[in-house]
Amino acid sequence: MMSSNYDELKNIFVDVVDKSAYVELESATYNYDVLESSLDKPLKMVLLYGKPGTGKSMLLNKLYHNLKENREIHYFEAPILSEKEFLKSIYEGMSGQVIPERMRVNFDGLLKYCQKLKNQREIIFLLDECQLYSEPLMEKIRLLSDTRVVKFVITLHKTENEEVIAKEHFKTRIWEVIELCNANEYDLEVYIQKKVIKKGFVDVSNSIKKRDIKFIHTHTNGNFRETNKYLYTIFDIYDYYEKNEPKKISSNKFSRKILEMAAIRLGYINA
Ligand SMILES: Nc1ncnc2c1ncn2[C@@H]1O[C@H](COP(=O)(O)OP(=O)(O)O)[C@@H](O)[C@H]1O
Ligand SMILES: [Mg+2]
């Protein structure tokens, strides 16, 4: 098939959370619009909810970069698990001051500080990976949001066995819940094609047919992280043949055999 820069192709499918890697998909665009407009509603918290690999971090990252010029917004890309560090970062974000290492931010003091700013400022904090925060820290986050001076947008992994949002503390608050799902076949096709075209591989995009997308979707369920892994492996195998047995990959279509080999390598199907 196609061009022979498989090394470059496989690297298109390395997981990154970065606005430059974002591609417009119907579902992502819809969710993004709901997310952005939810910030104009009188909500205390907005929850981005979905299985790992459905694009939560990607949306949060995009929100930050789109709004940072015009809003008071802070982005905690990695969770800050120590309560001391967390409260410090919130205060630093709000005040623009740096707190010396040995000092602590007192929680009640922080609440009072928020209350004083009521109707004057609204500060948005974006917290990724909130399933990692402890219960007591989540409770503090909620109390802070009750002041309506700080608003939180949080992401939370949906797990198979436990309905996190059914938990007690999520019931009482004023919430917007945006649930992200795996891509359908159509969005998956757009995802793969836009990613390769963006890097100039129009020929590769043309060689991936509907039936290939179907096959990929069967194995990855349309999960973006899983799809990245699969496409990476496919191009890795192409890369190997190109370097070692180039005669075996001479056709101009996406090889079903290599799709299958990659599926075996990832344990999607048994050899
Ligand atoms: N809209 C999108 N545009 C481009 N890539 C995306 C998009 N959504 C997800 N991805 C890809 O899927 C991977 C997983 O998405 P991520 O946002 O990290 O999922 P989650 O945070 O839900 O686990 C990312 O590394 C990225 O490569
Ligand atoms: Mg994430």
# chains A, B, ... in the order shown; residues from 1 in each chain; ligands from 1
$ residues_near_ligand --ligand "ligand 2" --cutoff "12 Å" --atoms "only C-alpha atoms and all ligand atoms" --output "VMD selection string"
chain A and resid 15 to 18 48 to 61 76 to 79 127 to 132 154 to 158 180 224 to 225
$ write_last_selection --atoms "C-alpha atoms" --output "CSV table (one decimal), in the first residue's frame"
chain,number,residue,atom,x,y,z
A,15,ASP,CA,-1.4,9.2,22.6
A,16,VAL,CA,-1.1,12.9,23.3
A,17,VAL,CA,-3.3,15.4,24.9
A,18,ASP,CA,-2.6,18.5,23.1
A,48,LEU,CA,-17.1,15.3,32.1
A,49,TYR,CA,-17.8,11.7,32.5
A,50,GLY,CA,-16.9,8.6,30.4
A,51,LYS,CA,-14.7,5.5,30.1
A,52,PRO,CA,-11.0,5.9,29.8
A,53,GLY,CA,-10.0,6.8,26.2
A,54,THR,CA,-13.2,8.6,25.3
A,55,GLY,CA,-11.6,12.0,24.9
A,56,LYS,CA,-12.2,13.7,28.3
A,57,SER,CA,-8.7,15.1,28.7
A,58,MET,CA,-8.7,16.2,25.1
A,59,LEU,CA,-11.8,18.3,25.6
A,60,LEU,CA,-10.6,19.8,28.9
A,61,ASN,CA,-7.4,20.8,27.3
A,76,PHE,CA,-4.8,21.1,36.7
A,77,GLU,CA,-3.7,18.7,34.1
A,78,ALA,CA,-2.3,16.2,36.6
A,79,PRO,CA,-4.3,15.7,39.8
A,127,LEU,CA,-9.5,19.4,37.2
A,128,ASP,CA,-8.5,16.3,35.2
A,129,GLU,CA,-8.6,12.7,36.6
A,130,CYS,CA,-10.9,13.4,39.6
A,131,GLN,CA,-11.4,9.8,40.3
A,132,LEU,CA,-8.0,10.0,41.9
A,154,ILE,CA,-13.9,18.0,36.5
A,155,THR,CA,-13.3,14.8,34.6
A,156,LEU,CA,-14.1,11.4,36.0
A,157,HIS,CA,-13.5,7.9,34.7
A,158,LYS,CA,-16.6,5.8,34.3
A,180,LEU,CA,-18.5,11.0,26.6
A,224,PHE,CA,-9.9,6.5,20.9
A,225,ARG,CA,-7.0,5.2,23.0
$ residues_around --residues "stretch 201-203 of chain A" --least-positions-apart "4" --cutoff "12 Å" --atoms "only C-alpha atoms" --output "PyMOL selection string"
chain A and resi 1-6+8-10+12+192-197+207-209+252-254
$ closest_residue --among "A:Phe125, A:Phe13, A:Tyr133, A:Tyr22" --to "ligand 1" --atoms "only C-alpha atoms and all ligand atoms"
A:Tyr22
$ select_by_dssp --residues "stretch 34-223 of chain A" --states "strand (DSSP E or B)" --output "list in words"
Met45, Val46, Leu47, Leu48, Tyr49, Gly50, Ile73, His74, Tyr75, Phe76, Ile123, Ile124, Phe125, Leu126, Leu127, Val150, Lys151, Phe152, Val153, Ile154, Thr155, Leu156, His157, Trp175, Glu176, Val177, Ile178, Glu179 and Leu180 of chain A
$ residues_around --residues "A:Ser27" --least-positions-apart "5" --cutoff "9 Å" --atoms "only C-alpha atoms" --output "list in words"
Tyr32, Leu180, Cys181, Ala183 and Asp187 of chain A
$ closest_residue --among "A:Leu137, A:Leu43, A:Leu143, A:Leu63" --to "ligand 1" --atoms "only C-alpha atoms and all ligand atoms"
A:Leu63
$ atom_distance --atom1 "atom CA of A:Ile73" --atom2 "atom CA of A:Gln120"
15.0 Å
$ atom_distance --atom1 "atom 6 (C, counted along the ligand's line) of ligand 1" --atom2 "atom CA of A:Phe152"
22.5 Å
$ closest_residue --among "A:Ile80, A:Ala263, A:Val14, A:Val98" --to "ligand 1" --atoms "only C-alpha atoms and all ligand atoms"
A:Val14
$ select_by_dssp --residues "stretch 8-252 of chain A" --states "alpha helix (DSSP H)" --output "JSON, numbers by chain"
{"A": [8, 9, 10, 11, 26, 27, 28, 29, 30, 31, 32, 33, 34, 35, 36, 37, 38, 56, 57, 58, 59, 60, 61, 62, 63, 64, 65, 66, 67, 83, 84, 85, 86, 87, 88, 89, 90, 91, 92, 93, 94, 95, 107, 108, 109, 110, 111, 112, 113, 114, 115, 116, 135, 136, 137, 138, 139, 140, 141, 142, 143, 144, 145, 146, 168, 169, 170, 171, 185, 186, 187, 188, 189, 190, 191, 192, 193, 194, 195, 196, 197, 198, 202, 203, 204, 205, 206, 207, 210, 211, 212, 213, 214, 215, 216, 217, 218, 219, 220, 224, 225, 226, 227, 228, 229, 230, 231, 232, 233, 234, 235, 236, 237, 238, 239, 240, 241, 242, 243, 244]}
$ closest_residue --among "A:His65, A:Lys198, A:Lys84, A:Lys44" --to "A:Arg142" --atoms "only C-alpha atoms"
A:Lys44
